[in-house]
Every structure is written in C-alpha cells, then in structure tokens.
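**Student:** The structure is given below, and queries will be raised subsequently.
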Amino acid sequence: ERGGYPHFMLKEIYEQPRAIRDTLTGRIADDLSRVTLPELSWSDDFVQSMDRVHIVACGTSWHAGLVGKAVMEKLTRIPVDVEIASEYRYRDPIETAGTLVIVISQSGETLDTLAALRDAKARGRHVLAITNVVGSSVAREADDVIITWAGPEIAVASTKAYTTQLVVLYLLAVYLGQRRGTLEDGTAKQILAALAELPMAAEQVLDTAPQVERFAREWADARDTFFIGRGIDYAMALEGALKLKEISYIHAEAYAAGELKHGTLALITEGVPVIALATQTDLYEKTLSNIKEVKARDAFVLGVTFAGDEEMRHSVDEVLYVPRTLPVLAPVITVIPLQLLAYYAAVARGNDVDKPRNLAKSVTVE
Ligand code: M6R
C-alpha cells in the first residue's frame, strides 16, 4: 500500500507532480486564456460585490492560506484576511455583505474549521470550501466546494494536500482577477502557462533529494534551526519550520527575515542551521543582506533559490537550487525540499515518521 516507499510521507511527497497535474486538469482552457471552475456558479453581481475575503484554516492549511492572501490581493485587489480557525471562532470578525469566507481543510473534518464554517453561515456569509475529501463535513456544509485532487493523504504531515491547495488558490485568484477585470489577459496567460508547467518542475525538484538527505543527516542533532524569508518566502519558512518540528522534533523557528534584528539575532550563534529562502525577485537584495547578518554570527546558511542564481553562492555555505518558475508560484516548488528535509531528519533520528508523537491526522477535538 506504500507502493514500495518506506513511509507514506515519502510516497506522498513523490506523488506531488501527479497530484498537481490532477488538480489542474480541466481547469485551464487549452489556449491558456482562462480558468474554468464549473463548480462555482457565481453571478457577475456576486463576483463584483465581493469586497472582502476571510480565509480560515488550521496548521498547514493555514499556511496555504497565507500564500493565498498574497496572490489574491495581488491579482484581485480584494483585501484578504487569513485566520487560524480556533482564533477566528472567538472573535467578532469585521464582515460586510460582500465578504466571502474560504475554509481550507485537507480532511474536511477539522473541528475548529468546521465550526468556523458553521458560524460564518449562521451570520449569512457565503462559504467556499477547499478540501481534499469529497463528501467530508466541510464539503457537505459549504455553499461551494473546490476539490484538491491530491488523493488520500495518510501521513500525519501534510505534503501533497498543501501543494494542491496552493494550486487551487492560484486558479481561484486568476479566475476572480479575470472576472473582476483586475488582471490583464496577458498576465493571466503567463501565470496559467507557468501553472501548467508546475508538474514538470515538481518532478525536477525531487532530484534534490540526495542533497537534502545529506543536510538532514548533518543536522539531525541540531537543537535549534531557523527558517527565514520575506513575502511569500516567509509563508514558506513557516511551513518548512512546522514540518521539521512536527516529525523530527528539532526546534525550528520561522522568521520574517527583516525581523531578525528585533530580537532573534541573539539566538543565532556559531553553526546554527539557517535555511534562507530567496525566490522573490523584488525582495532578493533585502533578503541577501539579512543572510549576511546571520553569516556574520557564524550561522551555517543553506540558501534556497532558483537555478541560475550565481550571486547566492558567495553569501551562503550551501545553495539548494530549485527549478525556475514565476516568483509568485515558487512555494509549490520550494516546499518540496523542505518536506524532504523534515522527512530525512525524522528518519535519521529514528522517529515514527508517519505517526509523530501526540498528533492525529484529523483533529476533531478543540
Ligand atoms: O485536515 P486539515 O487541513 O483541516 O488539517 C489542518 C491541520 O491539522 C494540518 O494541516 C496539520 O497542521 C498538519 N499535520 C501539518 O503537517
């Protein structure tokens, strides 16, 4: 059932090219001119009156929401808030009649997310669910559903569910941007062409596995690690740190790179592993200067950037190159080596990779 892989997590990591392809299938027009989402029967009035989006989720699905916020705001100019479901439920969120609530849940059974959905519906909000499980509670109760076709995810650590959630959020952002007239056709075509190439890029990035395994073995005894990045690379840092903590039990902290000197720099000492993500062109130089700050404290820096970036080599100890894509789509690709890093670190430490201590696949309690 693990298809020859030693763990479900590794199998699911390697399934990502297929999962991404399945999630895209039938949703991009052949001439790459537009997104088709027949599951949404949204009128022009509904689309035009949308003036706020609240994305609600937990854990890794919340991290997908953080990327979704950046992309939706960029392409649609609708203000988007991303909320942790267990927080959202107990606040009094500021909503308008035109607020769309999007819940993201791999399992579709996470109690806090489901309760947030029910509360939003009770307040009269329109709720769209992005879920991986057809017929799950979240899928049944939402007004609209977009399925991520990742297939069953067994390992507790979420991998292919995350990348396919990102794909759906990109499709949705392009869809809304085009229908609202905030996204030019040329730009939409460029994004859709790059989306269509993601399965191939995901396939290529899996070739970094031996290099990542070597880092993981070297760092298996580390006490603390840091993941830094700016913009959507910061969202990636959060996801990379969660994955590492969840299954290897190595302490990992994610920091917006510019925040380091507001306290964290005190924790960066000789040999501390820092994984620095630098895929965002407009933030590149700023991230590089943050990398120099941690290097000056003798951290061991692994830089993650697009293939072809020679500049990075001079500032870090090691570089991990990922296939180039549009910066906005980088998370789908860069997360894969971060998943592998967590996986190999957990294996090196002899942990139960698929069933980390004290965690459940589907959290149906508060
Ligand atoms: O099924 P859900 O997407 O609602 O689950 C949410 C979180 O419990 C989940 O993403 C969790 O953070 C993962 N185990 C992280 O790998």
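Numbering starts fresh at 1 for the residues of each chain in the structure tokens, the chains themselves are lettered A, B, ... in the order given, and ligands are numbered from 1 as they appear.
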Using only C-alpha atoms and all ligand atoms, what are the residues with an atom within 6 Å of ligand 1, set out as a list in words?
**Tutor:**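 With only C-alpha atoms and all ligand atoms and a cut-off of 6 Å, ligand 1 is contacted by Cys58, Gly59, Thr60, Ser61, Ser105, Gln106, Ser107, Gly108, Thr110, Val156, Ala157, Ser158, Lys243, Lys361, Ser362 and Val363 of chain A.
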**Student:** For the selection you just gave me, I'd like the residues written to a file as a PDB file, in the first residue's frame, keeping N, CA and C atoms.
**Tutor:**
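Saved file result.pdb follows:
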```
ATOM      1  N   CYS A  58      -6.470  25.717   9.690  1.00  0.00           N
ATOM      2  CA  CYS A  58      -5.525  25.375  10.767  1.00  0.00           C
ATOM      3  C   CYS A  58      -4.238  24.805  10.152  1.00  0.00           C
ATOM      4  N   GLY A  59      -3.150  24.975  10.864  1.00  0.00           N
ATOM      5  CA  GLY A  59      -1.883  24.310  10.544  1.00  0.00           C
ATOM      6  C   GLY A  59      -1.389  24.596   9.139  1.00  0.00           C
ATOM      7  N   THR A  60      -1.045  23.511   8.451  1.00  0.00           N
ATOM      8  CA  THR A  60      -0.517  23.637   7.099  1.00  0.00           C
ATOM      9  C   THR A  60      -1.538  24.283   6.156  1.00  0.00           C
ATOM     10  N   SER A  61      -2.805  23.983   6.349  1.00  0.00           N
ATOM     11  CA  SER A  61      -3.822  24.605   5.502  1.00  0.00           C
ATOM     12  C   SER A  61      -3.863  26.121   5.726  1.00  0.00           C
ATOM     13  N   SER A 105      -9.334  22.896   4.234  1.00  0.00           N
ATOM     14  CA  SER A 105      -9.108  21.745   5.105  1.00  0.00           C
ATOM     15  C   SER A 105      -8.870  20.497   4.272  1.00  0.00           C
ATOM     16  N   GLN A 106      -7.699  19.929   4.442  1.00  0.00           N
ATOM     17  CA  GLN A 106      -7.409  18.677   3.730  1.00  0.00           C
ATOM     18  C   GLN A 106      -8.489  17.648   4.038  1.00  0.00           C
ATOM     19  N   SER A 107      -8.679  17.370   5.335  1.00  0.00           N
ATOM     20  CA  SER A 107      -9.583  16.294   5.746  1.00  0.00           C
ATOM     21  C   SER A 107     -11.051  16.672   5.603  1.00  0.00           C
ATOM     22  N   GLY A 108     -11.323  17.972   5.737  1.00  0.00           N
ATOM     23  CA  GLY A 108     -12.715  18.414   5.749  1.00  0.00           C
ATOM     24  C   GLY A 108     -13.416  18.081   7.051  1.00  0.00           C
ATOM     25  N   THR A 110     -11.734  18.888  10.326  1.00  0.00           N
ATOM     26  CA  THR A 110     -11.106  19.587  11.446  1.00  0.00           C
ATOM     27  C   THR A 110     -12.171  20.381  12.204  1.00  0.00           C
ATOM     28  N   VAL A 156       0.623  11.823   8.765  1.00  0.00           N
ATOM     29  CA  VAL A 156       0.113  12.959   9.544  1.00  0.00           C
ATOM     30  C   VAL A 156       0.634  14.279   8.958  1.00  0.00           C
ATOM     31  N   ALA A 157       1.899  14.303   8.566  1.00  0.00           N
ATOM     32  CA  ALA A 157       2.460  15.527   7.991  1.00  0.00           C
ATOM     33  C   ALA A 157       1.857  15.765   6.609  1.00  0.00           C
ATOM     34  N   SER A 158       1.285  16.919   6.441  1.00  0.00           N
ATOM     35  CA  SER A 158       0.611  17.224   5.182  1.00  0.00           C
ATOM     36  C   SER A 158       1.630  17.668   4.129  1.00  0.00           C
ATOM     37  N   LYS A 243       6.890  21.649   9.487  1.00  0.00           N
ATOM     38  CA  LYS A 243       7.153  20.268   9.060  1.00  0.00           C
ATOM     39  C   LYS A 243       8.300  19.661   9.860  1.00  0.00           C
ATOM     40  N   LYS A 361      -4.004  12.714  12.564  1.00  0.00           N
ATOM     41  CA  LYS A 361      -4.144  13.177  11.181  1.00  0.00           C
ATOM     42  C   LYS A 361      -5.272  14.188  11.074  1.00  0.00           C
ATOM     43  N   SER A 362      -6.347  13.882  11.758  1.00  0.00           N
ATOM     44  CA  SER A 362      -7.504  14.758  11.629  1.00  0.00           C
ATOM     45  C   SER A 362      -7.907  15.180  13.041  1.00  0.00           C
ATOM     46  N   VAL A 363      -7.885  16.476  13.301  1.00  0.00           N
ATOM     47  CA  VAL A 363      -8.084  16.971  14.670  1.00  0.00           C
ATOM     48  C   VAL A 363      -9.572  17.297  14.870  1.00  0.00           C
TER      49      VAL A 363
END
```
**Student:** Just the residues within 6 Å of region 250-265 of chain A, please, counting only C-alpha atoms, with nothing from its chain fewer than 3 positions along; format it as an MDAnalysis selection string.
**Tutor:** chainID A and resid 224:230 234 237:238 241 245 268
**Student:** Mind writing the picked residues with all heavy atoms as an mmCIF file, in the first residue's frame?
**Tutor:**
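Output contents, as saved in again.cif:
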```cif
data_model
loop_
_atom_site.group_PDB
_atom_site.id
_atom_site.type_symbol
_atom_site.label_atom_id
_atom_site.label_comp_id
_atom_site.auth_asym_id
_atom_site.auth_seq_id
_atom_site.Cartn_x
_atom_site.Cartn_y
_atom_site.Cartn_z
ATOM 1 N N ASP A 224 18.478 23.811 17.622
ATOM 2 C CA ASP A 224 17.610 24.849 17.059
ATOM 3 C C ASP A 224 17.935 25.059 15.589
ATOM 4 O O ASP A 224 19.090 24.941 15.187
ATOM 5 C CB ASP A 224 17.862 26.193 17.749
ATOM 6 C CG ASP A 224 17.628 26.121 19.241
ATOM 7 O OD1 ASP A 224 16.499 25.827 19.629
ATOM 8 O OD2 ASP A 224 18.592 26.353 20.001
ATOM 9 N N THR A 225 16.903 25.386 14.835
ATOM 10 C CA THR A 225 17.117 25.765 13.429
ATOM 11 C C THR A 225 16.224 26.969 13.137
ATOM 12 O O THR A 225 15.200 27.176 13.817
ATOM 13 C CB THR A 225 16.714 24.639 12.461
ATOM 14 O OG1 THR A 225 15.373 24.263 12.777
ATOM 15 C CG2 THR A 225 17.610 23.433 12.570
ATOM 16 N N PHE A 226 16.612 27.721 12.139
ATOM 17 C CA PHE A 226 15.804 28.887 11.755
ATOM 18 C C PHE A 226 15.498 28.856 10.273
ATOM 19 O O PHE A 226 16.348 28.470 9.472
ATOM 20 C CB PHE A 226 16.546 30.191 12.114
ATOM 21 C CG PHE A 226 16.617 30.392 13.605
ATOM 22 C CD1 PHE A 226 17.609 29.774 14.362
ATOM 23 C CD2 PHE A 226 15.652 31.152 14.255
ATOM 24 C CE1 PHE A 226 17.641 29.912 15.737
ATOM 25 C CE2 PHE A 226 15.685 31.293 15.635
ATOM 26 C CZ PHE A 226 16.687 30.681 16.382
ATOM 27 N N PHE A 227 14.295 29.250 9.937
ATOM 28 C CA PHE A 227 13.874 29.371 8.542
ATOM 29 C C PHE A 227 13.534 30.843 8.325
ATOM 30 O O PHE A 227 12.698 31.389 9.060
ATOM 31 C CB PHE A 227 12.623 28.530 8.262
ATOM 32 C CG PHE A 227 12.862 27.042 8.254
ATOM 33 C CD1 PHE A 227 13.074 26.343 9.433
ATOM 34 C CD2 PHE A 227 12.860 26.327 7.060
ATOM 35 C CE1 PHE A 227 13.286 24.966 9.430
ATOM 36 C CE2 PHE A 227 13.064 24.951 7.041
ATOM 37 C CZ PHE A 227 13.281 24.267 8.226
ATOM 38 N N ILE A 228 14.186 31.471 7.359
ATOM 39 C CA ILE A 228 13.904 32.891 7.140
ATOM 40 C C ILE A 228 13.531 33.163 5.678
ATOM 41 O O ILE A 228 13.948 32.450 4.768
ATOM 42 C CB ILE A 228 15.081 33.800 7.572
ATOM 43 C CG1 ILE A 228 16.346 33.514 6.748
ATOM 44 C CG2 ILE A 228 15.370 33.634 9.061
ATOM 45 C CD1 ILE A 228 17.458 34.542 6.975
ATOM 46 N N GLY A 229 12.754 34.214 5.482
ATOM 47 C CA GLY A 229 12.367 34.632 4.135
ATOM 48 C C GLY A 229 11.503 35.875 4.226
ATOM 49 O O GLY A 229 11.063 36.249 5.325
ATOM 50 N N ARG A 230 11.285 36.503 3.092
ATOM 51 C CA ARG A 230 10.422 37.694 3.041
ATOM 52 C C ARG A 230 9.257 37.432 2.087
ATOM 53 O O ARG A 230 9.385 36.665 1.137
ATOM 54 C CB ARG A 230 11.210 38.902 2.533
ATOM 55 C CG ARG A 230 12.200 39.446 3.533
ATOM 56 C CD ARG A 230 13.034 40.549 2.899
ATOM 57 N NE ARG A 230 13.949 41.121 3.860
ATOM 58 C CZ ARG A 230 13.817 42.348 4.405
ATOM 59 N NH1 ARG A 230 12.821 43.138 4.060
ATOM 60 N NH2 ARG A 230 14.699 42.774 5.284
ATOM 61 N N TYR A 234 8.379 33.991 3.382
ATOM 62 C CA TYR A 234 8.143 33.890 4.834
ATOM 63 C C TYR A 234 7.055 32.844 5.120
ATOM 64 O O TYR A 234 7.180 32.032 6.048
ATOM 65 C CB TYR A 234 7.774 35.266 5.410
ATOM 66 C CG TYR A 234 7.353 35.220 6.863
ATOM 67 C CD1 TYR A 234 8.059 34.477 7.806
ATOM 68 C CD2 TYR A 234 6.211 35.914 7.290
ATOM 69 C CE1 TYR A 234 7.655 34.427 9.135
ATOM 70 C CE2 TYR A 234 5.812 35.883 8.624
ATOM 71 C CZ TYR A 234 6.526 35.135 9.537
ATOM 72 O OH TYR A 234 6.132 35.076 10.841
ATOM 73 N N ALA A 237 8.732 29.672 4.946
ATOM 74 C CA ALA A 237 9.547 29.454 6.143
ATOM 75 C C ALA A 237 8.667 28.865 7.247
ATOM 76 O O ALA A 237 9.065 27.915 7.939
ATOM 77 C CB ALA A 237 10.187 30.765 6.587
ATOM 78 N N LEU A 238 7.476 29.403 7.399
ATOM 79 C CA LEU A 238 6.553 28.892 8.427
ATOM 80 C C LEU A 238 6.222 27.420 8.169
ATOM 81 O O LEU A 238 6.209 26.596 9.091
ATOM 82 C CB LEU A 238 5.265 29.718 8.437
ATOM 83 C CG LEU A 238 5.383 31.112 9.041
ATOM 84 C CD1 LEU A 238 4.206 31.981 8.616
ATOM 85 C CD2 LEU A 238 5.446 31.030 10.566
ATOM 86 N N ALA A 241 9.327 25.158 8.809
ATOM 87 C CA ALA A 241 9.594 25.008 10.246
ATOM 88 C C ALA A 241 8.570 24.080 10.894
ATOM 89 O O ALA A 241 8.923 23.229 11.717
ATOM 90 C CB ALA A 241 9.587 26.375 10.926
ATOM 91 N N LYS A 245 9.535 20.540 12.834
ATOM 92 C CA LYS A 245 9.157 20.325 14.242
ATOM 93 C C LYS A 245 8.252 19.119 14.381
ATOM 94 O O LYS A 245 8.418 18.288 15.276
ATOM 95 C CB LYS A 245 8.385 21.554 14.784
ATOM 96 C CG LYS A 245 9.250 22.742 15.080
ATOM 97 C CD LYS A 245 8.430 23.893 15.626
ATOM 98 C CE LYS A 245 7.829 24.713 14.524
ATOM 99 N NZ LYS A 245 7.441 26.071 14.936
ATOM 100 N N ILE A 268 21.090 33.406 17.146
ATOM 101 C CA ILE A 268 21.891 32.895 16.022
ATOM 102 C C ILE A 268 23.351 32.880 16.468
ATOM 103 O O ILE A 268 23.978 33.930 16.608
ATOM 104 C CB ILE A 268 21.737 33.783 14.767
ATOM 105 C CG1 ILE A 268 20.261 34.021 14.428
ATOM 106 C CG2 ILE A 268 22.535 33.199 13.595
ATOM 107 C CD1 ILE A 268 19.569 32.909 13.697
#
```
**Student:** For CA of Leu169 (chain A) and CA of Gln16 (chain A), determine how far apart the two atoms are, in Å to one decimal place.
**Tutor:**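 Between CA of Leu169 (chain A) and CA of Gln16 (chain A) the gap is 16.2 Å.
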**Student:** Looking at only C-alpha atoms, which of A:Glu109, A:Glu184, A:Glu310, A:Glu246 is the one that sits closest to Arg357 (chain A)?
**Tutor:**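 Smallest separation from Arg357 (chain A) among the options: A:Glu246.
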**Student:** If you count only C-alpha atoms, which residues fall within 10 Å of Val353 (chain A), apart from same-chain ones fewer than 4 positions away, as a PDB file with N, CA and C atoms, in the first residue's frame?
**Tutor:**
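Listing of selection.pdb after writing:
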```pdb
ATOM      1  N   PRO A   6       9.317   3.455   1.941  1.00  0.00           N
ATOM      2  CA  PRO A   6       9.378   3.041   3.351  1.00  0.00           C
ATOM      3  C   PRO A   6       8.313   3.724   4.220  1.00  0.00           C
ATOM      4  N   HIS A   7       7.837   4.869   3.814  1.00  0.00           N
ATOM      5  CA  HIS A   7       6.809   5.592   4.591  1.00  0.00           C
ATOM      6  C   HIS A   7       5.791   6.238   3.651  1.00  0.00           C
ATOM      7  N   PHE A   8       4.577   6.396   4.172  1.00  0.00           N
ATOM      8  CA  PHE A   8       3.557   7.108   3.402  1.00  0.00           C
ATOM      9  C   PHE A   8       4.003   8.535   3.075  1.00  0.00           C
ATOM     10  N   MET A   9       4.703   9.174   4.035  1.00  0.00           N
ATOM     11  CA  MET A   9       5.074  10.565   3.786  1.00  0.00           C
ATOM     12  C   MET A   9       5.945  10.682   2.540  1.00  0.00           C
ATOM     13  N   LEU A  10       6.912   9.781   2.397  1.00  0.00           N
ATOM     14  CA  LEU A  10       7.805   9.852   1.229  1.00  0.00           C
ATOM     15  C   LEU A  10       7.009   9.581  -0.053  1.00  0.00           C
ATOM     16  N   ALA A 155      -0.083  10.028   5.761  1.00  0.00           N
ATOM     17  CA  ALA A 155       0.899  10.516   6.736  1.00  0.00           C
ATOM     18  C   ALA A 155       0.318  11.721   7.471  1.00  0.00           C
ATOM     19  N   VAL A 156       0.623  11.823   8.765  1.00  0.00           N
ATOM     20  CA  VAL A 156       0.113  12.959   9.544  1.00  0.00           C
ATOM     21  C   VAL A 156       0.634  14.279   8.958  1.00  0.00           C
ATOM     22  N   ALA A 157       1.899  14.303   8.566  1.00  0.00           N
ATOM     23  CA  ALA A 157       2.460  15.527   7.991  1.00  0.00           C
ATOM     24  C   ALA A 157       1.857  15.765   6.609  1.00  0.00           C
ATOM     25  N   GLU A 246       7.265  19.063  13.508  1.00  0.00           N
ATOM     26  CA  GLU A 246       6.216  18.052  13.615  1.00  0.00           C
ATOM     27  C   GLU A 246       6.757  16.626  13.596  1.00  0.00           C
ATOM     28  N   ILE A 247       7.708  16.358  12.708  1.00  0.00           N
ATOM     29  CA  ILE A 247       8.128  14.953  12.598  1.00  0.00           C
ATOM     30  C   ILE A 247       9.547  14.671  13.080  1.00  0.00           C
ATOM     31  N   SER A 248      10.451  15.687  13.086  1.00  0.00           N
ATOM     32  CA  SER A 248      11.818  15.387  13.552  1.00  0.00           C
ATOM     33  C   SER A 248      11.994  15.775  15.021  1.00  0.00           C
ATOM     34  N   ALA A 342      12.580  17.650   6.392  1.00  0.00           N
ATOM     35  CA  ALA A 342      11.904  17.180   7.607  1.00  0.00           C
ATOM     36  C   ALA A 342      11.865  15.651   7.612  1.00  0.00           C
ATOM     37  N   TYR A 343      11.528  15.087   6.462  1.00  0.00           N
ATOM     38  CA  TYR A 343      11.428  13.632   6.364  1.00  0.00           C
ATOM     39  C   TYR A 343      12.754  12.945   6.713  1.00  0.00           C
ATOM     40  N   TYR A 344      13.835  13.370   6.041  1.00  0.00           N
ATOM     41  CA  TYR A 344      15.116  12.693   6.267  1.00  0.00           C
ATOM     42  C   TYR A 344      15.651  12.956   7.683  1.00  0.00           C
ATOM     43  N   ALA A 345      15.372  14.109   8.241  1.00  0.00           N
ATOM     44  CA  ALA A 345      15.802  14.381   9.619  1.00  0.00           C
ATOM     45  C   ALA A 345      15.065  13.436  10.581  1.00  0.00           C
ATOM     46  N   ALA A 346      13.778  13.238  10.340  1.00  0.00           N
ATOM     47  CA  ALA A 346      12.990  12.349  11.203  1.00  0.00           C
ATOM     48  C   ALA A 346      13.497  10.911  11.090  1.00  0.00           C
ATOM     49  N   VAL A 347      13.819  10.493   9.864  1.00  0.00           N
ATOM     50  CA  VAL A 347      14.338   9.135   9.647  1.00  0.00           C
ATOM     51  C   VAL A 347      15.678   8.981  10.366  1.00  0.00           C
ATOM     52  N   ARG A 349      16.717  10.402  12.928  1.00  0.00           N
ATOM     53  CA  ARG A 349      16.537  10.366  14.376  1.00  0.00           C
ATOM     54  C   ARG A 349      15.745   9.142  14.834  1.00  0.00           C
ATOM     55  N   ARG A 357       4.609  11.758  17.478  1.00  0.00           N
ATOM     56  CA  ARG A 357       4.021  11.640  18.820  1.00  0.00           C
ATOM     57  C   ARG A 357       3.002  12.754  19.074  1.00  0.00           C
TER      58      ARG A 357
END
```
**Student:** In Å, rounded to a single decimal, give me how far CA of Val328 (chain A) is from CA of Val71 (chain A).
**Tutor:**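 Distance reported for this atom pair: 7.2 Å.
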**Student:** Quick one: everything within 8 Å of Gln339 (chain A), counting only C-alpha atoms, minus sequence neighbours fewer than 4 positions away in the same chain. Send it as a list in words.
**Tutor:**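 Once the nearby chain positions are removed, what remains is Ile13, Thr159, Gly240, Lys243, Leu244, Val335 and Tyr343 of chain A.
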**Student:** Save out the residues we just selected, N, CA and C atoms, as a CSV table (one decimal), in the first residue's frame.
**Tutor:**
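Contents of the output file out.csv:
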```csv
chain,number,residue,atom,x,y,z
A,13,ILE,N,5.1,12.7,-0.9
A,13,ILE,CA,6.0,13.7,-1.4
A,13,ILE,C,6.2,13.5,-2.9
A,159,THR,N,1.6,17.1,3.0
A,159,THR,CA,2.5,17.4,1.9
A,159,THR,C,1.8,17.7,0.6
A,240,GLY,N,8.0,25.2,6.3
A,240,GLY,CA,9.2,24.4,6.5
A,240,GLY,C,9.5,24.1,8.0
A,243,LYS,N,6.9,21.6,9.5
A,243,LYS,CA,7.2,20.3,9.1
A,243,LYS,C,8.3,19.7,9.9
A,244,LEU,N,9.4,20.4,10.0
A,244,LEU,CA,10.6,19.9,10.7
A,244,LEU,C,10.2,19.6,12.2
A,335,VAL,N,8.7,24.3,-1.4
A,335,VAL,CA,8.3,23.5,-0.2
A,335,VAL,C,8.7,22.0,-0.3
A,343,TYR,N,11.5,15.1,6.5
A,343,TYR,CA,11.4,13.6,6.4
A,343,TYR,C,12.8,12.9,6.7
```
**Student:** So that I can check the surroundings of Glu270 (chain A), please list as a list in words every protein, DNA and RNA residue that reaches within 7 Å of it, counting only C-alpha atoms and ignoring chain neighbours fewer than 2 positions away.
**Tutor:** Val272, Arg297, Asp298 and Ala299 of chain A
**Student:** Could you tell me how far CA of Lys160 (chain A) sits from CA of Val304 (chain A), in Å to one decimal place?
**Tutor:**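 Value for the CA of Val304 (chain A)-CA of Lys160 (chain A) distance: 20.1 Å.
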**Student:** Between A:Lys11, A:Lys295, A:Arg324, A:His126, which residue has the minimum interatomic distance to Gly308 (chain A), considering only C-alpha atoms?
**Tutor:**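 Among A:Lys11, A:Lys295, A:Arg324, A:His126, it is A:Arg324 that comes nearest to Gly308 (chain A).
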**Student:** Pull the helix (DSSP H, G or I) assignments for region 3-89 of chain A out of DSSP run on the backbone, and list those residues as number ranges by chain.
**Tutor:** A: 8-14, 16-24, 44-49, 59-76, 85-88
**Student:** Using DSSP secondary structure from the backbone, list all strand (DSSP E) positions within region 28-208 of chain A, as an NGL selection string.
**Tutor:** :A and (52-57 or 80-84 or 99-105 or 126-131 or 144-147)
**Student:** Which is closer to Ala209 (chain A) than all the others in A:Ala348, A:Leu320, A:Ser41, A:Thr131, using only C-alpha atoms?
**Tutor:**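 Between A:Ala348, A:Leu320, A:Ser41, A:Thr131, the residue approaching Ala209 (chain A) most closely is A:Leu320.
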**Student:** Measuring atom to atom with only C-alpha atoms, identify which of A:Met50, A:Leu171, A:Ile336, A:Ile291 is nearest to Leu24 (chain A).
**Tutor:** A:Leu171
**Student:** Using only C-alpha atoms, which of A:Ile55, A:Asp309, A:His63, A:Ala97 sits nearest Val80 (chain A)?
**Tutor:**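 Between A:Ile55, A:Asp309, A:His63, A:Ala97, the residue approaching Val80 (chain A) most closely is A:Ile55.
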**Student:** Skip Val301 (chain A) itself and residues of its chain fewer than 6 positions away, then list as a PyMOL selection string all residues within 9 Å of it, counting only C-alpha atoms.
**Tutor:** chain A and resi 271-276+291+294-295+315-319
**Student:** Could you dump the residues just selected with N, CA and C atoms as a PDB file, in the first residue's frame?
**Tutor:**
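File written: selection21.pdb
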```
ATOM      1  N   GLY A 271      27.371  27.943  13.951  1.00  0.00           N
ATOM      2  CA  GLY A 271      26.933  26.629  13.486  1.00  0.00           C
ATOM      3  C   GLY A 271      25.430  26.387  13.482  1.00  0.00           C
ATOM      4  N   VAL A 272      24.643  27.358  13.965  1.00  0.00           N
ATOM      5  CA  VAL A 272      23.187  27.153  13.977  1.00  0.00           C
ATOM      6  C   VAL A 272      22.690  27.108  12.520  1.00  0.00           C
ATOM      7  N   PRO A 273      21.952  26.039  12.138  1.00  0.00           N
ATOM      8  CA  PRO A 273      21.478  25.975  10.760  1.00  0.00           C
ATOM      9  C   PRO A 273      20.390  27.021  10.473  1.00  0.00           C
ATOM     10  N   VAL A 274      20.600  27.779   9.415  1.00  0.00           N
ATOM     11  CA  VAL A 274      19.593  28.749   8.967  1.00  0.00           C
ATOM     12  C   VAL A 274      19.248  28.413   7.521  1.00  0.00           C
ATOM     13  N   ILE A 275      17.980  28.180   7.278  1.00  0.00           N
ATOM     14  CA  ILE A 275      17.539  27.924   5.904  1.00  0.00           C
ATOM     15  C   ILE A 275      16.937  29.232   5.404  1.00  0.00           C
ATOM     16  N   ALA A 276      17.596  29.804   4.400  1.00  0.00           N
ATOM     17  CA  ALA A 276      17.176  31.123   3.910  1.00  0.00           C
ATOM     18  C   ALA A 276      16.550  30.981   2.532  1.00  0.00           C
ATOM     19  N   ILE A 291      20.806  37.633   5.132  1.00  0.00           N
ATOM     20  CA  ILE A 291      21.674  36.444   5.138  1.00  0.00           C
ATOM     21  C   ILE A 291      23.065  36.850   5.640  1.00  0.00           C
ATOM     22  N   VAL A 294      23.227  37.001   9.417  1.00  0.00           N
ATOM     23  CA  VAL A 294      23.374  35.739  10.160  1.00  0.00           C
ATOM     24  C   VAL A 294      24.736  35.097   9.902  1.00  0.00           C
ATOM     25  N   LYS A 295      25.266  35.300   8.703  1.00  0.00           N
ATOM     26  CA  LYS A 295      26.619  34.791   8.407  1.00  0.00           C
ATOM     27  C   LYS A 295      27.647  35.466   9.316  1.00  0.00           C
ATOM     28  N   SER A 315      27.349  34.204  -0.678  1.00  0.00           N
ATOM     29  CA  SER A 315      26.871  34.675   0.618  1.00  0.00           C
ATOM     30  C   SER A 315      26.501  33.569   1.596  1.00  0.00           C
ATOM     31  N   VAL A 316      26.447  32.323   1.110  1.00  0.00           N
ATOM     32  CA  VAL A 316      25.945  31.244   1.972  1.00  0.00           C
ATOM     33  C   VAL A 316      26.950  30.086   2.016  1.00  0.00           C
ATOM     34  N   ASP A 317      26.687  29.111   2.875  1.00  0.00           N
ATOM     35  CA  ASP A 317      27.572  27.944   2.948  1.00  0.00           C
ATOM     36  C   ASP A 317      27.232  26.928   1.877  1.00  0.00           C
ATOM     37  N   GLU A 318      25.941  26.765   1.641  1.00  0.00           N
ATOM     38  CA  GLU A 318      25.495  25.812   0.617  1.00  0.00           C
ATOM     39  C   GLU A 318      24.270  26.403  -0.076  1.00  0.00           C
ATOM     40  N   VAL A 319      24.114  26.069  -1.338  1.00  0.00           N
ATOM     41  CA  VAL A 319      22.909  26.520  -2.056  1.00  0.00           C
ATOM     42  C   VAL A 319      22.108  25.306  -2.504  1.00  0.00           C
TER      43      VAL A 319
END
```
**Student:** May I have the residues within 12 Å of Ala120 (chain A) as a list in words, using only C-alpha atoms and disregarding those fewer than 5 positions away in the same chain?
**Tutor:**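 Close residues of Ala120 (chain A): His54, Ile55, Val56, Ala85, Tyr88, Arg89, Tyr90, Arg91, Asp92, Pro93, Ile94, Glu95, Thr96, Ala97, Thr99, Leu100, Val101, Ile102, Val103, Thr113, Leu114, Ala115, Arg125, His126, Val127, Leu128, Glu141, Ala142 and Asp143 of chain A.
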**Student:** For Asp221 (chain A), which residue among A:Glu12, A:Leu242, A:Thr325, A:Tyr249 is the nearest when counting only C-alpha atoms?
**Tutor:**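 Nearest to Asp221 (chain A): A:Tyr249.
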